[in-house]
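Novice: Encoded as structure tokens, here's the structure I'll be asking about.
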Amino acid sequence: MKICTKCILPEAFPGINFDDKGVCNFCRDFKKEELMEEKATYLAKFKELIAQCKGKSDYDCTVSYSGGKDSTYTLYLLKDVFKLRVLSLTFDNGFISEQAFKNIRTVTENLGVDSIVYKINFHLLKKIFAAGIKESMYSPKALERASTICNSCIGLIKFSFLKIALEKRIPMMGWGWSPGQAPIRSSIMRINPSLFKATQETYRKPMHQVSGDEINRYFVSEKMFERKEDFPYNVSPLAFMDYDEANIIKKIGSLGWIAPVGLDANSTNCIMNSYANQVHIEKLGFHPYVFEIAGMVRSGVMGRQEGYEKIYKILDDKEAVACVKIKLGLVP
Ligand SMILES: [Zn+2]
């Protein structure tokens, strides 16, 4: 398999081409100086937004908190560095590791933030995840960045958490997207109700086909879409703040965060991840995290060798995959 000599995108990635030195079009188009300038602009923009939003409601900002390393660091940044009154929201998809749960409890306690764990009916989730093993439920574009299973989960998180933010009139929603996941230009963005409604439908429809009307309660309702002025800003601070994995782990370690063991290299919280990745690679020929990791290699926040290992190292995860299959009811 041909892999870009600068980042790590493979030839199976949609829309890729290589020059005679083996460098991909994504790397040829990338301009590092521009990115550094934009980071400073967006940090300033975020400070302005804080001045505008702070104190308007019981909470200034939600943080979608999986217990993984990036969202732990995001929670810390928003609470301690930017001094926001934060509400931590955790989506329990039935596959959060024990250690991730312990981390959620310890870190929210040590930081002094309120925390809600939203556990969705697992029978319903099981149907949706199992359907995602058989078919690619979402658009090819959505599948460039994440597996079908991750898309289902992220979709439910986005829509149900926006619902919570709207109910509580919270003006900002914080996300722990890594610099490879969140492009800088979308790192601070007010949610546009009509665009959001259209996106929501591309997720709600396939899930509705699998599970019926019960799914509707996790999505933003018609009535809520009328409250246009209450729609919050999405903020992804890791896109414009310094991102250094070693520093991040050191900082969150001081808050009591402990790295889970036995999970794959790209998720420090979800047990289902390596199976979801495996299914995606079999179907589409590329790893669902490769775009994100390649982006971090390209921008210099991660070494190429380290990125390569996260994506292409063969994992011994038979046991984890077998557990997930049993829990999803795919094998007896
Ligand atoms: Zn490249």
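In the structure tokens, each chain is lettered A, B, ... as it comes, each chain's residues begin at 1, and ligands are numbered from 1 in order of appearance.
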Could the residues that lie within 9 Å of ligand 1, counting only C-alpha atoms and all ligand atoms, be listed as an MDAnalysis selection string?

Specialist: chainID A and resid 3:10 16 18 22:28 294:295 297:298

Novice: So that I can check the surroundings of His287 in chain A, please list as a PyMOL selection string every protein, DNA and RNA residue that reaches within 7 Å of it, counting only C-alpha atoms and ignoring chain neighbours fewer than 5 positions away.

Specialist: chain A and resi 277+280-281+311

Novice: Neighbours of range 173-177 of chain A within 6 Å (only C-alpha atoms; same-chain residues fewer than 4 positions away dropped), as a VMD selection string?

Specialist: chain A and resid 61 to 64 70 to 71 74 181 to 182 234 to 236

Novice: Hey, which of A:Ala322, A:Ile248, A:Met272, A:Leu87 ends up closest to Lys126 in chain A? Count only C-alpha atoms.

Specialist: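 For Lys126 in chain A, the nearest of the given residues is A:Met272.
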
Novice: Considering only C-alpha atoms, can you say which of A:Lys283, A:Lys327, A:Lys69, A:Arg227 comes closest to Ile271 in chain A?

Specialist: A:Lys327

Novice: Considering only C-alpha atoms, can you say which of A:Lys163, A:Lys21, A:Lys205, A:Arg85 comes closest to Asp60 in chain A?

Specialist: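 When distances to Asp60 in chain A are compared using only C-alpha atoms, the smallest one comes from A:Arg85.
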
Novice: Write down as a PyMOL selection string the residues belonging to range 238-321 of chain A that are assigned alpha helix (DSSP H) by DSSP computed on the backbone.

Specialist: chain A and resi 245-253+273-284+290-299+304-312+318-321

Novice: Residues near Tyr42 in chain A, anyone? I mean within 12 Å using only C-alpha atoms, not counting same-chain ones fewer than 5 positions away, as number ranges by chain.

Specialist: A: 35-37, 47-49, 183-189, 235-241

Novice: So, with only C-alpha atoms as the atoms that count, which of A:Glu33, A:Gly67, A:Val261, A:Val279 lies closest to Lys102 in chain A?

Specialist: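 The closest residue to Lys102 in chain A is A:Gly67.
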
Novice: Would you mind telling me which residue in A:Ser97, A:Ser299, A:Leu78, A:Ala130 lies nearest to Ile326 in chain A when using only C-alpha atoms?

Specialist: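 That would be A:Ala130, the residue with the smallest distance to Ile326 in chain A.
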
Novice: May I ask which of the residues A:Gln278, A:Ser136, A:Ser160, A:Thr41 is the closest one to Phe91 in chain A, counting only C-alpha atoms?

Specialist: A:Ser160

Novice: Going by DSSP on the backbone, which residues of range 78-163 of chain A come out as strand (DSSP E or B)? List them as number ranges by chain.

Specialist: A: 86-92, 96, 114-119

Novice: Counting only C-alpha atoms, what is within 12 Å of Ile154 in chain A, bar same-chain residues fewer than 5 positions away, as a PyMOL selection string?

Specialist: chain A and resi 64-66+90-93+129+142+145-149+159-161+175+177+200+203

Novice: Selection from above, N, CA and C atoms, as a PDB file, in the first residue's frame, can you write it?

Specialist:
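That gives us out-v9.pdb:
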ATOM      1  N   SER A  64     -18.381  18.291  26.437  1.00  0.00           N
ATOM      2  CA  SER A  64     -18.732  16.899  26.174  1.00  0.00           C
ATOM      3  C   SER A  64     -17.562  16.053  26.613  1.00  0.00           C
ATOM      4  N   TYR A  65     -17.777  15.293  27.667  1.00  0.00           N
ATOM      5  CA  TYR A  65     -16.653  14.679  28.369  1.00  0.00           C
ATOM      6  C   TYR A  65     -16.717  13.151  28.324  1.00  0.00           C
ATOM      7  N   SER A  66     -15.795  12.555  27.542  1.00  0.00           N
ATOM      8  CA  SER A  66     -15.780  11.099  27.397  1.00  0.00           C
ATOM      9  C   SER A  66     -14.895  10.425  28.426  1.00  0.00           C
ATOM     10  N   THR A  90     -21.476  13.675  29.947  1.00  0.00           N
ATOM     11  CA  THR A  90     -20.907  12.411  29.488  1.00  0.00           C
ATOM     12  C   THR A  90     -21.998  11.553  28.867  1.00  0.00           C
ATOM     13  N   PHE A  91     -21.725  11.026  27.696  1.00  0.00           N
ATOM     14  CA  PHE A  91     -22.670  10.152  27.018  1.00  0.00           C
ATOM     15  C   PHE A  91     -22.224   8.715  27.276  1.00  0.00           C
ATOM     16  N   ASP A  92     -23.031   7.955  27.980  1.00  0.00           N
ATOM     17  CA  ASP A  92     -22.667   6.564  28.276  1.00  0.00           C
ATOM     18  C   ASP A  92     -23.241   5.665  27.191  1.00  0.00           C
ATOM     19  N   ASN A  93     -22.360   5.209  26.275  1.00  0.00           N
ATOM     20  CA  ASN A  93     -22.828   4.377  25.156  1.00  0.00           C
ATOM     21  C   ASN A  93     -22.784   2.886  25.491  1.00  0.00           C
ATOM     22  N   PHE A 129     -25.949   0.303  16.734  1.00  0.00           N
ATOM     23  CA  PHE A 129     -24.555  -0.088  16.522  1.00  0.00           C
ATOM     24  C   PHE A 129     -24.471  -1.345  15.649  1.00  0.00           C
ATOM     25  N   ALA A 142     -18.921  11.833   5.702  1.00  0.00           N
ATOM     26  CA  ALA A 142     -18.901  11.584   7.150  1.00  0.00           C
ATOM     27  C   ALA A 142     -17.995  10.396   7.468  1.00  0.00           C
ATOM     28  N   ARG A 145     -14.041  10.585   8.065  1.00  0.00           N
ATOM     29  CA  ARG A 145     -13.479  11.032   9.350  1.00  0.00           C
ATOM     30  C   ARG A 145     -13.764  10.081  10.502  1.00  0.00           C
ATOM     31  N   ALA A 146     -14.738   9.186  10.365  1.00  0.00           N
ATOM     32  CA  ALA A 146     -15.061   8.285  11.471  1.00  0.00           C
ATOM     33  C   ALA A 146     -15.853   7.096  10.946  1.00  0.00           C
ATOM     34  N   SER A 147     -15.801   5.996  11.667  1.00  0.00           N
ATOM     35  CA  SER A 147     -16.548   4.801  11.280  1.00  0.00           C
ATOM     36  C   SER A 147     -18.053   5.045  11.439  1.00  0.00           C
ATOM     37  N   THR A 148     -18.865   4.152  10.863  1.00  0.00           N
ATOM     38  CA  THR A 148     -20.322   4.280  11.008  1.00  0.00           C
ATOM     39  C   THR A 148     -20.718   4.269  12.490  1.00  0.00           C
ATOM     40  N   ILE A 149     -20.135   3.338  13.243  1.00  0.00           N
ATOM     41  CA  ILE A 149     -20.474   3.236  14.672  1.00  0.00           C
ATOM     42  C   ILE A 149     -20.124   4.526  15.413  1.00  0.00           C
ATOM     43  N   PHE A 159     -26.536  15.901  19.044  1.00  0.00           N
ATOM     44  CA  PHE A 159     -27.928  16.344  19.036  1.00  0.00           C
ATOM     45  C   PHE A 159     -28.506  16.366  20.454  1.00  0.00           C
ATOM     46  N   SER A 160     -28.255  15.318  21.232  1.00  0.00           N
ATOM     47  CA  SER A 160     -28.857  15.294  22.570  1.00  0.00           C
ATOM     48  C   SER A 160     -28.207  16.328  23.497  1.00  0.00           C
ATOM     49  N   PHE A 161     -26.917  16.589  23.298  1.00  0.00           N
ATOM     50  CA  PHE A 161     -26.261  17.595  24.151  1.00  0.00           C
ATOM     51  C   PHE A 161     -26.680  19.017  23.763  1.00  0.00           C
ATOM     52  N   TRP A 175     -15.838  21.281  23.006  1.00  0.00           N
ATOM     53  CA  TRP A 175     -15.554  19.960  22.444  1.00  0.00           C
ATOM     54  C   TRP A 175     -14.065  19.684  22.507  1.00  0.00           C
ATOM     55  N   TRP A 177     -12.221  18.007  20.462  1.00  0.00           N
ATOM     56  CA  TRP A 177     -11.658  17.537  19.184  1.00  0.00           C
ATOM     57  C   TRP A 177     -10.184  17.877  19.124  1.00  0.00           C
ATOM     58  N   GLN A 200     -28.957  17.208  11.135  1.00  0.00           N
ATOM     59  CA  GLN A 200     -29.621  16.312  12.075  1.00  0.00           C
ATOM     60  C   GLN A 200     -30.451  15.259  11.325  1.00  0.00           C
ATOM     61  N   TYR A 203     -28.723  12.172  10.070  1.00  0.00           N
ATOM     62  CA  TYR A 203     -28.436  11.189  11.125  1.00  0.00           C
ATOM     63  C   TYR A 203     -29.724  10.538  11.651  1.00  0.00           C
TER      64      TYR A 203
END

Novice: Which polymer residues have any atom within 8 Å of an atom of Tyr76 in chain A, counting only C-alpha atoms, with same-chain residues fewer than 5 positions away left out, as a list in words?

Specialist: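 With the cut-off at 8 Å, the set is Val81, Leu111 and Ile252 of chain A.
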
Novice: Report as a PyMOL selection string all protein, DNA and RNA residues lying within 8 Å of Met207 in chain A, evaluated on only C-alpha atoms, omitting residues in the same chain fewer than 5 positions from it.

Specialist: chain A and resi 128+152+212+215

Novice: Limited to all heavy atoms, could you put the picked residues into a file as a tab-separated table (two decimals), in the first residue's frame?

Specialist:
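Result went into result27.tsv, see below:
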chain	number	residue	atom	x	y	z
A	128	ILE	N	-28.77	0.11	16.89
A	128	ILE	CA	-28.14	1.08	15.98
A	128	ILE	C	-26.68	0.70	15.69
A	128	ILE	O	-26.25	0.72	14.55
A	128	ILE	CB	-28.23	2.50	16.59
A	128	ILE	CG1	-29.70	2.94	16.57
A	128	ILE	CG2	-27.37	3.49	15.84
A	128	ILE	CD1	-29.98	4.19	17.35
A	152	SER	N	-22.64	7.23	14.55
A	152	SER	CA	-23.91	7.09	15.28
A	152	SER	C	-23.77	7.69	16.67
A	152	SER	O	-24.62	8.45	17.14
A	152	SER	CB	-24.30	5.61	15.43
A	152	SER	OG	-24.54	5.04	14.17
A	212	GLY	N	-37.06	3.13	14.96
A	212	GLY	CA	-38.40	3.70	15.10
A	212	GLY	C	-38.44	4.99	15.89
A	212	GLY	O	-37.41	5.58	16.21
A	215	ILE	N	-36.31	6.95	18.85
A	215	ILE	CA	-35.06	7.70	18.67
A	215	ILE	C	-35.29	9.21	18.73
A	215	ILE	O	-34.40	9.98	19.09
A	215	ILE	CB	-34.39	7.28	17.33
A	215	ILE	CG1	-32.91	7.67	17.31
A	215	ILE	CG2	-35.09	7.87	16.12
A	215	ILE	CD1	-32.05	6.78	18.13
